[in-house]
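Text of upload_36.tsv, listed as TSV, C-alpha atoms:
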```tsv
chain	number	residue	atom	x	y	z
D	60	MET	CA	3.10	-8.99	1.45
D	61	THR	CA	5.58	-10.49	-0.99
D	62	PHE	CA	8.44	-12.88	-0.21
D	63	VAL	CA	11.26	-14.27	-2.34
D	64	ILE	CA	11.29	-18.07	-2.29
D	65	LYS	CA	13.02	-20.89	-4.14
D	66	ILE	CA	10.66	-23.56	-5.49
D	67	LYS	CA	11.86	-27.03	-6.38
D	68	SER	CA	11.42	-27.55	-10.08
D	69	GLY	CA	13.25	-30.81	-10.61
D	70	PHE	CA	15.76	-33.17	-9.14
D	71	PHE	CA	18.39	-30.91	-7.48
D	72	ARG	CA	16.95	-27.85	-9.23
D	73	THR	CA	15.24	-24.76	-7.81
D	74	GLU	CA	13.89	-21.56	-9.34
D	75	SER	CA	13.40	-18.13	-7.79
D	76	TRP	CA	9.77	-17.11	-7.36
D	77	PHE	CA	7.74	-14.44	-5.59
D	78	LEU	CA	5.13	-15.54	-3.06
D	79	THR	CA	2.51	-12.89	-2.43
D	80	LEU	CA	0.13	-13.36	0.49
D	81	SER	CA	-3.05	-11.38	0.17
D	82	PRO	CA	-6.50	-11.76	1.75
D	83	GLY	CA	-8.10	-14.96	0.46
D	84	GLN	CA	-5.34	-16.03	-1.89
D	85	LEU	CA	-1.71	-16.87	-2.54
D	86	ILE	CA	0.02	-15.69	-5.70
D	87	ILE	CA	3.14	-17.51	-6.88
D	88	ALA	CA	4.98	-15.81	-9.74
D	89	PRO	CA	8.37	-16.60	-11.27
D	90	GLN	CA	11.03	-13.95	-10.95
D	91	ASP	CA	11.81	-14.30	-14.65
D	92	GLY	CA	8.54	-12.46	-15.34
D	93	ASP	CA	6.87	-15.23	-17.36
D	94	SER	CA	3.21	-14.41	-16.67
D	95	ASN	CA	2.11	-17.75	-18.17
D	96	ARG	CA	3.61	-19.53	-15.17
D	97	ARG	CA	2.00	-17.25	-12.56
D	98	ARG	CA	-0.38	-19.12	-10.25
D	99	VAL	CA	-3.19	-17.70	-8.15
D	100	ILE	CA	-4.33	-20.13	-5.46
D	101	GLY	CA	-7.63	-19.20	-3.84
D	102	GLN	CA	-8.18	-19.87	-0.17
D	103	ASP	CA	-10.76	-22.55	-0.99
D	104	GLU	CA	-8.17	-24.42	-3.13
D	105	VAL	CA	-5.57	-24.63	-0.36
D	106	GLN	CA	-5.57	-27.97	1.42
D	107	SER	CA	-2.56	-27.31	3.67
D	108	ILE	CA	0.40	-25.04	4.17
D	109	CYS	CA	3.38	-26.05	6.26
D	110	ILE	CA	6.55	-24.19	7.19
D	111	ILE	CA	9.41	-26.35	8.45
D	112	ARG	CA	11.94	-24.47	10.53
D	113	HIS	CA	15.48	-25.78	10.81
D	114	ASN	CA	18.42	-24.55	12.88
D	115	SER	CA	18.51	-21.28	10.97
D	116	ARG	CA	16.17	-18.37	10.30
D	117	LEU	CA	15.48	-19.80	6.86
D	118	GLY	CA	12.88	-22.51	6.51
D	119	ASP	CA	11.15	-24.74	4.03
D	120	LEU	CA	7.65	-24.24	2.71
D	121	GLU	CA	5.08	-26.71	1.42
D	122	ILE	CA	1.82	-25.56	-0.15
D	123	VAL	CA	-0.67	-28.27	-1.07
D	124	SER	CA	-3.52	-27.21	-3.34
D	125	ARG	CA	-6.16	-29.29	-5.05
D	126	ASP	CA	-4.07	-29.48	-8.23
D	127	ARG	CA	-0.45	-29.34	-7.16
D	128	THR	CA	2.08	-29.37	-4.34
D	129	TYR	CA	4.70	-26.62	-4.20
D	130	VAL	CA	7.86	-27.30	-2.19
D	131	GLY	CA	10.45	-24.64	-1.63
D	132	SER	CA	12.35	-22.52	0.86
D	133	PHE	CA	12.61	-18.95	2.05
D	134	THR	CA	15.69	-17.06	0.92
D	135	VAL	CA	15.69	-13.99	3.17
D	136	PRO	CA	16.28	-14.29	6.95
D	137	GLY	CA	13.20	-13.23	8.87
D	138	ASP	CA	10.72	-13.83	6.05
D	139	MET	CA	9.73	-17.21	7.46
D	140	GLU	CA	8.50	-15.67	10.72
D	141	GLU	CA	6.52	-12.94	8.98
D	142	ALA	CA	4.97	-15.38	6.50
D	143	ALA	CA	4.05	-17.73	9.36
D	144	ARG	CA	2.25	-14.92	11.18
D	145	ILE	CA	0.24	-13.99	8.09
D	146	LEU	CA	-0.54	-17.58	7.08
D	147	ALA	CA	-1.66	-18.53	10.59
D	148	GLY	CA	-4.16	-15.68	10.57
D	149	GLU	CA	-5.41	-16.26	7.05
D	150	PHE	CA	-5.49	-20.07	6.80
D	151	ARG	CA	-5.91	-21.04	10.48
D	152	SER	CA	-6.49	-24.81	10.67
D	153	ARG	CA	-4.86	-25.48	7.30
D	154	PHE	CA	-1.57	-23.92	8.43
D	155	SER	CA	1.07	-25.67	10.52
D	156	MET	CA	4.64	-25.03	11.54
D	157	GLN	CA	7.18	-27.73	12.36
D	158	PHE	CA	10.46	-27.28	14.17
D	159	ASN	CA	13.29	-29.64	13.19
D	160	GLY	CA	16.73	-29.76	14.73
D	161	PHE	CA	15.92	-28.29	18.11
```
Write the structure described by the file as C-alpha cells, please.
Amino acid sequence: MTFVIKIKSGFFRTESWFLTLSPGQLIIAPQDGDSNRRRVIGQDEVQSICIIRHNSRLGDLEIVSRDRTYVGSFTVPGDMEEAARILAGEFRSRFSMQFNGF
C-alpha cells in the first residue's frame, strides 16, 4: 500500500514523497520521480518506526534505519490509521504509536 507523506528535508522545509509498505520492506520515493533518491529499507535494517498522533487525523512519522532517520507527516486523513495497522503487523516490536494532545 502506498501513502503520500511529507519528509523533512531541512530547517522548515519538507518534500512530498511516496511511502510504500510491502512485505519485508519500506520503499520511500520522491514524488518528483528522481529514482536516484528512491530508498528501499529492508525489514532487517529498520530499528524503529513510530507514528505520533496529534489532535487530528494526520500524524507524524519517524523511521529509524541503520543509516538514517526519516521524519515526516501524513498528508491524507485516514492514512495514519491504515499505515499503523500495516506497520504493527509487519514490524511488531519495532513499531510504536504515541498519542499527544489527548
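In this model, the gap between CA of Ser124 (chain D) and CA of Cys109 (chain D) comes to 11.9 Å.
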Residues at most 8 Å from region 98-106 of chain D, counting only C-alpha atoms, excluding those fewer than 3 positions away in the same chain, as a list in words?
->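 Answer for this query is Gly83, Gln84, Leu85, Ile86, Ile87, Ala88, Ile122, Val123, Ser124, Arg125, Phe150 and Arg153 of chain D.
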Using all atoms listed in the file, pick whichever of D:Val130, D:Ile111, D:Val135, D:Ala142 has the shortest atom-to-atom distance to Thr79 (chain D).
-> D:Ala142
From the list D:Thr73, D:Ser94, D:Thr61, D:Ser152, the nearest residue to Ile108 (chain D) using all atoms listed in the file is D:Ser152
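Ranking D:Val63, D:Ile145, D:Leu80, D:Met139 by their shortest atom-to-atom distance to Leu120 (chain D), with all atoms listed in the file included, puts D:Met139 first.
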Grab the CA of Ser81 (chain D) to CA of Met60 (chain D) distance for me, in Å with one decimal place.
->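 According to the coordinates, CA of Ser81 (chain D) and CA of Met60 (chain D) are separated by 6.7 Å.
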To one decimal in Å, tell me the separation between CA of Arg96 (chain D) and CA of Arg116 (chain D).
-> 28.4 Å
So, counting all atoms listed in the file, which residue among D:Arg97, D:Met156, D:Ile64, D:Gln90 is closest to Leu78 (chain D)?
-> D:Ile64
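Take the candidates D:Arg151, D:Ile110, D:Asp91, D:Asn159 and check each one against Tyr129 (chain D) using all atoms listed in the file; the shortest distance goes to D:Ile110.
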Go through D:Pro82, D:Phe71, D:His113, D:Gly118 one by one, measure the shortest atom-to-atom distance of each to Gly148 (chain D) using all atoms listed in the file, and give the residue with the smallest value.
->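 The closest residue to Gly148 (chain D) is D:Pro82.
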